[in-house]
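Q: Sharing a structure below in structure tokens format, with a few things to ask.
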Amino acid sequence: MEIDQVRAFVAIVRGGGFTRAASILHLSQPAVSRRLELLERELGAPLFERIRSGVILTEAGKTFLPHAEGLLASMRDGIDSVRALHQVDRGAITLALVGTLASTTLTGCLQRFRDAHPRVELRLRTALSQEVSVLVRRGDATLGLRYGVDPHPEMLSVAIHAEPMVVVCSPRHRLARRRSVAPSALAAEPWVAFPPRDGQFYDPYSWSLQNRLAAWGLTPAEIVPIDSLTAQKRMVEAGFGLALLPESSVDEELRTGTLSAMRIAAARATVPVALIHRRSGYLSGAARALMAELAVWPTRATPPRLRPSSAPRSDPPSRGASRRSRRRSPLRSR
């Protein structure tokens, strides 16, 4: 068995067929077919079933896939570890993260890392929590930030933060200005939330609303499915419902007053945020530095923004100079 045969197999899976795999590998389609044929002969089982729309994995293919991806990831780790002997603080790091974590504090954290390591190429990918784990496990990402720890035996997860969740509403909502709101007062309210995922892609954040509603005795509730955090916030601003969102993802809207936070008379909801990487994966010095930066990210305060009212002003002119200025000004109202 040769590594190129394994690489061809994985490329067919990710490309969805031989034509796309040939493009990914910069080979001819017959060359890709030949490599797969030799691999199947070595394994003694077909890895794909040919159908009209392309190919699908056989049971043998499904069984072999995680080992093939692990083999390629391990090879990349070996290459990176050797290169790191001569290129300290260089190379590339791919961080996969849940998009809703990209708050002002996290982007500030990543900017600090980039400024401190200008020769390291930091690549970012966003996905659901389960998909973040898949990207890290198969070696497409070095590190991952996701909601909830990953129990997979090949992964190491460290909980670094308990993300506070806040119920937000339109500033014009009837309960927006209440000092305290009992959960029972929300019984007739619709909720804006991500649509439910199937069991394969369980996401702790997506399910936190259902868990919280059940704890408050508000099930069943009307759910307005919106598959975008930005769209959810705009819908809530327009009065289409309430939403349970990460506090860091609505800091801008709460500061400007386009959203209001409800003070629910109950325990605050949180969802754990975990930093993950492969247990056997190689971590360069730069990757370890990024892990250290991410581990303290939640404790760093967001620098205050300069508001127009707090902008520095020059010393006021004297009273006489002010009167003279008003007399000369052609824009003075009459």
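Going through the structure tokens in order, the chains are called A, B, and so on, while each chain numbers its residues from 1 and the ligands are numbered from 1 in the order shown.
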Which neighbours of Ala68 of chain A fall inside 8 Å, counting only C-alpha atoms, when residues of the same chain fewer than 6 positions from it are skipped, and could you give them as a list in words?
A: Val6, Arg7 and Val10 of chain A
Q: Could you save those same residues with C-alpha atoms as an mmCIF file, in the first residue's frame?
A:
data_model
loop_
_atom_site.group_PDB
_atom_site.id
_atom_site.type_symbol
_atom_site.label_atom_id
_atom_site.label_comp_id
_atom_site.auth_asym_id
_atom_site.auth_seq_id
_atom_site.Cartn_x
_atom_site.Cartn_y
_atom_site.Cartn_z
ATOM 1 C CA VAL A 6 -4.607 6.474 0.327
ATOM 2 C CA ARG A 7 -4.510 10.116 -0.734
ATOM 3 C CA VAL A 10 -9.605 10.406 0.538
#
Q: As a ChimeraX atom specification, please: every residue in segment 16-257 of chain A that a backbone DSSP assignment puts in strand (DSSP E or B).
A: /A:48-51,54-57,91-97,120-126,143-147,155-169,181,191-193,223-225,242-246
Q: Just checking: using only C-alpha atoms, which residue out of A:Thr94, A:Thr100, A:Ser28, A:Ser184 ends up closest to Gly139 of chain A?
A: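 Of all the options, A:Thr94 lies closest to Gly139 of chain A.
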Q: List every residue of segment 39-218 of chain A that DSSP, applied to the backbone of this structure, places in alpha helix (DSSP H), and write the result as an NGL selection string.
A: :A and (39-43 or 59-84 or 104-116 or 129-137 or 204-215)
Q: Show me, as a ChimeraX atom specification, the residues that have an atom within 9 Å of Leu254 of chain A when counting only C-alpha atoms, minus same-chain residues fewer than 6 positions from it.
A: /A:168,260-261
Q: Any chance you can output those residues with C-alpha atoms as a compact mmCIF listing (two decimals), in the first residue's frame?
A:
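File written: out.txt
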# COMPACT_ATOMS: atom_id res chain seq x y z
CA VAL A 168 -32.62 39.40 24.19
CA SER A 260 -32.35 44.77 25.13
CA ALA A 261 -31.33 42.07 27.60
Q: Which residues are close to Leu72 of chain A, i.e. within 12 Å by only C-alpha atoms, leaving aside same-chain residues fewer than 6 positions away? Reply as a short mmCIF file (atom, residue, chain, number, x, y, z; two decimals) with all heavy atoms, in the first residue's frame.
A:
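Just written: part22.cif:
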data_model
loop_
_atom_site.label_atom_id
_atom_site.label_comp_id
_atom_site.auth_asym_id
_atom_site.auth_seq_id
_atom_site.Cartn_x
_atom_site.Cartn_y
_atom_site.Cartn_z
N GLU A 2 0.58 2.20 -0.84
CA GLU A 2 1.36 3.43 -0.94
C GLU A 2 0.52 4.62 -0.49
O GLU A 2 -0.71 4.62 -0.60
CB GLU A 2 1.83 3.65 -2.38
CG GLU A 2 2.77 2.56 -2.88
CD GLU A 2 3.25 2.84 -4.29
OE1 GLU A 2 2.86 3.88 -4.85
OE2 GLU A 2 4.02 2.02 -4.82
N ILE A 3 1.21 5.65 0.01
CA ILE A 3 0.51 6.81 0.54
C ILE A 3 -0.31 7.51 -0.55
O ILE A 3 -1.38 8.08 -0.27
CB ILE A 3 1.51 7.78 1.20
CG1 ILE A 3 0.79 8.77 2.11
CG2 ILE A 3 2.34 8.51 0.16
CD1 ILE A 3 0.24 8.16 3.35
N ASP A 4 0.17 7.49 -1.80
CA ASP A 4 -0.58 8.14 -2.88
C ASP A 4 -1.92 7.45 -3.13
O ASP A 4 -2.89 8.09 -3.54
CB ASP A 4 0.25 8.14 -4.16
CG ASP A 4 1.39 9.14 -4.12
OD1 ASP A 4 1.32 10.06 -3.28
OD2 ASP A 4 2.33 9.01 -4.92
N GLN A 5 -1.97 6.14 -2.91
CA GLN A 5 -3.23 5.42 -3.07
C GLN A 5 -4.24 5.86 -1.99
O GLN A 5 -5.43 6.06 -2.28
CB GLN A 5 -2.98 3.91 -2.96
CG GLN A 5 -2.07 3.38 -4.07
CD GLN A 5 -1.59 1.97 -3.77
OE1 GLN A 5 -2.02 1.34 -2.81
NE2 GLN A 5 -0.67 1.47 -4.60
N VAL A 6 -3.75 6.01 -0.77
CA VAL A 6 -4.61 6.47 0.33
C VAL A 6 -5.07 7.91 0.06
O VAL A 6 -6.23 8.25 0.28
CB VAL A 6 -3.87 6.39 1.67
CG1 VAL A 6 -4.74 6.90 2.81
CG2 VAL A 6 -3.41 4.95 1.93
N ARG A 7 -4.16 8.73 -0.43
CA ARG A 7 -4.51 10.12 -0.73
C ARG A 7 -5.58 10.18 -1.83
O ARG A 7 -6.49 11.01 -1.77
CB ARG A 7 -3.25 10.88 -1.15
CG ARG A 7 -3.49 12.39 -1.29
CD ARG A 7 -2.23 13.12 -1.70
NE ARG A 7 -1.28 13.21 -0.60
CZ ARG A 7 -0.09 12.62 -0.57
NH1 ARG A 7 0.28 11.84 -1.58
NH2 ARG A 7 0.71 12.77 0.44
N ALA A 8 -5.48 9.31 -2.82
CA ALA A 8 -6.49 9.28 -3.88
C ALA A 8 -7.86 8.88 -3.33
O ALA A 8 -8.89 9.45 -3.69
CB ALA A 8 -6.06 8.31 -4.98
N PHE A 9 -7.87 7.89 -2.44
CA PHE A 9 -9.13 7.45 -1.83
C PHE A 9 -9.80 8.59 -1.07
O PHE A 9 -11.00 8.86 -1.23
CB PHE A 9 -8.85 6.28 -0.88
CG PHE A 9 -9.96 5.94 0.05
CD1 PHE A 9 -11.17 5.44 -0.41
CD2 PHE A 9 -9.82 6.15 1.42
CE1 PHE A 9 -12.21 5.14 0.47
CE2 PHE A 9 -10.84 5.85 2.30
CZ PHE A 9 -12.04 5.35 1.82
N VAL A 10 -9.04 9.30 -0.25
CA VAL A 10 -9.61 10.41 0.54
C VAL A 10 -10.07 11.54 -0.38
O VAL A 10 -11.11 12.16 -0.14
CB VAL A 10 -8.58 10.91 1.57
CG1 VAL A 10 -9.08 12.17 2.28
CG2 VAL A 10 -8.28 9.82 2.61
N ALA A 11 -9.33 11.79 -1.45
CA ALA A 11 -9.72 12.86 -2.38
C ALA A 11 -11.04 12.51 -3.08
O ALA A 11 -11.87 13.40 -3.32
CB ALA A 11 -8.62 13.07 -3.41
N LEU A 65 -12.14 4.77 6.04
CA LEU A 65 -11.99 6.23 5.91
C LEU A 65 -11.32 6.89 7.11
O LEU A 65 -10.36 7.65 6.93
CB LEU A 65 -13.35 6.87 5.62
CG LEU A 65 -13.33 8.41 5.50
CD1 LEU A 65 -12.40 8.85 4.38
CD2 LEU A 65 -14.74 8.93 5.28
N PRO A 66 -11.77 6.69 8.36
CA PRO A 66 -11.11 7.40 9.46
C PRO A 66 -9.65 7.02 9.62
O PRO A 66 -8.83 7.85 10.02
CB PRO A 66 -11.94 6.99 10.69
CG PRO A 66 -12.68 5.75 10.29
CD PRO A 66 -12.92 5.89 8.82
N GLY A 78 4.26 14.72 10.88
CA GLY A 78 5.68 14.40 10.80
C GLY A 78 6.45 15.42 9.98
O GLY A 78 7.55 15.85 10.37
N ILE A 79 5.87 15.83 8.86
CA ILE A 79 6.51 16.85 8.03
C ILE A 79 6.65 18.16 8.80
O ILE A 79 7.71 18.81 8.79
CB ILE A 79 5.72 17.05 6.73
CG1 ILE A 79 5.79 15.77 5.87
CG2 ILE A 79 6.24 18.24 5.94
CD1 ILE A 79 4.87 15.80 4.66
N ARG A 137 -10.05 16.33 13.80
CA ARG A 137 -9.73 14.91 13.87
C ARG A 137 -9.09 14.40 12.59
O ARG A 137 -8.21 13.54 12.62
CB ARG A 137 -11.00 14.11 14.19
CG ARG A 137 -10.73 12.68 14.60
CD ARG A 137 -11.86 12.09 15.39
NE ARG A 137 -13.13 12.13 14.69
CZ ARG A 137 -14.19 12.84 15.09
NH1 ARG A 137 -14.12 13.58 16.18
NH2 ARG A 137 -15.31 12.81 14.41
N ARG A 138 -9.52 14.91 11.45
CA ARG A 138 -8.93 14.43 10.20
C ARG A 138 -7.73 15.26 9.75
O ARG A 138 -7.19 15.05 8.67
CB ARG A 138 -9.99 14.37 9.11
CG ARG A 138 -10.47 15.71 8.59
CD ARG A 138 -11.64 15.51 7.65
NE ARG A 138 -11.97 16.72 6.92
CZ ARG A 138 -13.06 16.88 6.17
NH1 ARG A 138 -13.92 15.88 6.06
NH2 ARG A 138 -13.29 18.00 5.53
N GLY A 139 -7.29 16.21 10.59
CA GLY A 139 -6.07 16.94 10.31
C GLY A 139 -6.22 18.16 9.45
O GLY A 139 -5.22 18.78 9.08
N ASP A 140 -7.45 18.56 9.12
CA ASP A 140 -7.65 19.77 8.32
C ASP A 140 -7.52 21.03 9.15
O ASP A 140 -7.42 22.13 8.60
CB ASP A 140 -9.03 19.74 7.65
CG ASP A 140 -9.10 18.70 6.54
OD1 ASP A 140 -8.03 18.20 6.14
OD2 ASP A 140 -10.21 18.38 6.08
N GLY A 281 -1.59 14.39 17.76
CA GLY A 281 -1.15 15.38 16.78
C GLY A 281 0.06 16.16 17.24
O GLY A 281 0.25 16.40 18.43
#
Q: Taking into account only C-alpha atoms, which residue in the set A:Tyr282, A:Phe240, A:Phe194, A:Phe64 is nearest to Ser208 of chain A?
A: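 Checking each of A:Tyr282, A:Phe240, A:Phe194, A:Phe64 against Ser208 of chain A, counting only C-alpha atoms, the winner is A:Phe194.
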Q: Counting only C-alpha atoms, which residue out of A:Met1, A:Ala289, A:Leu156, A:Val250 sits closest to Thr105 of chain A?
A: A:Val250
Q: Identify, on the basis of only C-alpha atoms, every residue whose closest approach to Glu237 of chain A does not exceed 10 Å; exclude the query and any residue fewer than 6 positions from it along the same chain; express the result as a list in words.
A: Val168, Cys169, Ser170, Pro171, Arg172, His173, Ala231, Glu253, Gly257, Thr258, Leu259 and Ser260 of chain A
Q: Based on the selection just made, write C-alpha atoms of those residues as a PDB file, in the first residue's frame.
A:
ATOM      1  CA  VAL A 168     -32.621  39.401  24.187  1.00  0.00           C
ATOM      2  CA  CYS A 169     -35.654  41.223  22.855  1.00  0.00           C
ATOM      3  CA  SER A 170     -36.568  44.319  20.877  1.00  0.00           C
ATOM      4  CA  PRO A 171     -36.216  47.573  22.863  1.00  0.00           C
ATOM      5  CA  ARG A 172     -39.914  48.105  22.112  1.00  0.00           C
ATOM      6  CA  HIS A 173     -40.959  44.807  23.714  1.00  0.00           C
ATOM      7  CA  ALA A 231     -30.382  37.266  10.808  1.00  0.00           C
ATOM      8  CA  GLU A 253     -26.267  45.586  19.945  1.00  0.00           C
ATOM      9  CA  GLY A 257     -29.497  49.878  22.258  1.00  0.00           C
ATOM     10  CA  THR A 258     -30.802  48.014  19.200  1.00  0.00           C
ATOM     11  CA  LEU A 259     -31.371  44.980  21.465  1.00  0.00           C
ATOM     12  CA  SER A 260     -32.355  44.770  25.126  1.00  0.00           C
TER      13      SER A 260
END
Q: Which is closer to Leu101 of chain A than all the others in A:Leu245, A:Ala45, A:Val13, A:Ala292, using only C-alpha atoms?
A: A:Leu245
Q: Write out as a PyMOL selection string which residues come within 8 Å of segment 106-114 of chain A when counting only C-alpha atoms, dropping same-chain ones fewer than 6 positions away.
A: chain A and resi 120+122+290+293-294+297-298
Q: Filtering to C-alpha atoms, could you give me those residues as a PDB file, in the first residue's frame?
A:
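Okay, this is what ended up in again.pdb:
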ATOM      1  CA  VAL A 120       2.969  32.468  11.263  1.00  0.00           C
ATOM      2  CA  LEU A 122      -3.126  31.907  10.828  1.00  0.00           C
ATOM      3  CA  LEU A 290      -1.895  30.147  20.191  1.00  0.00           C
ATOM      4  CA  GLU A 293      -3.444  32.869  24.115  1.00  0.00           C
ATOM      5  CA  LEU A 294      -6.822  31.201  23.634  1.00  0.00           C
ATOM      6  CA  TRP A 297      -8.873  34.904  26.045  1.00  0.00           C
ATOM      7  CA  PRO A 298     -12.125  34.799  28.084  1.00  0.00           C
TER       8      PRO A 298
END
Q: Between A:Arg179, A:Val136, A:Arg279, A:Val224, which residue has the minimum interatomic distance to Met155 of chain A, considering only C-alpha atoms?
A: A:Arg279
Q: So that I can check the surroundings of segment 144-154 of chain A, please list as a ChimeraX atom specification every protein, DNA and RNA residue that reaches within 10 Å of it, counting only C-alpha atoms and ignoring chain neighbours fewer than 5 positions away.
A: /A:70,94-101,124-137,159-163,203-206,271-281,291,294
Q: For atom CA of Leu283 of chain A and atom CA of Ser74 of chain A, determine how far apart the two atoms are, in Å to one decimal place.
A: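 Interatomic distance, atom CA of Leu283 of chain A to atom CA of Ser74 of chain A: 11.7 Å.
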Q: To one decimal in Å, tell me the separation between atom CA of Ile56 of chain A and atom CA of Ile12 of chain A.
A: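 Separation between atom CA of Ile56 of chain A and atom CA of Ile12 of chain A: 9.7 Å.
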Q: What are the closest atom pairs, with distances in Å to one decimal, for all residues of segment 219-260 of chain A lying within 9 Å of segment 211-214 of chain A? Consider only C-alpha atoms, order rows by chain and residue number, and present the result as JSON lines.
A:
{"residue": "A:Thr219", "atom": "CA", "partner": "A:Ala214", "partner_atom": "CA", "distance": 5.6}
{"residue": "A:Pro220", "atom": "CA", "partner": "A:Ala214", "partner_atom": "CA", "distance": 8.2}
{"residue": "A:Ala221", "atom": "CA", "partner": "A:Leu213", "partner_atom": "CA", "distance": 7.9}
{"residue": "A:Leu244", "atom": "CA", "partner": "A:Arg212", "partner_atom": "CA", "distance": 8.9}
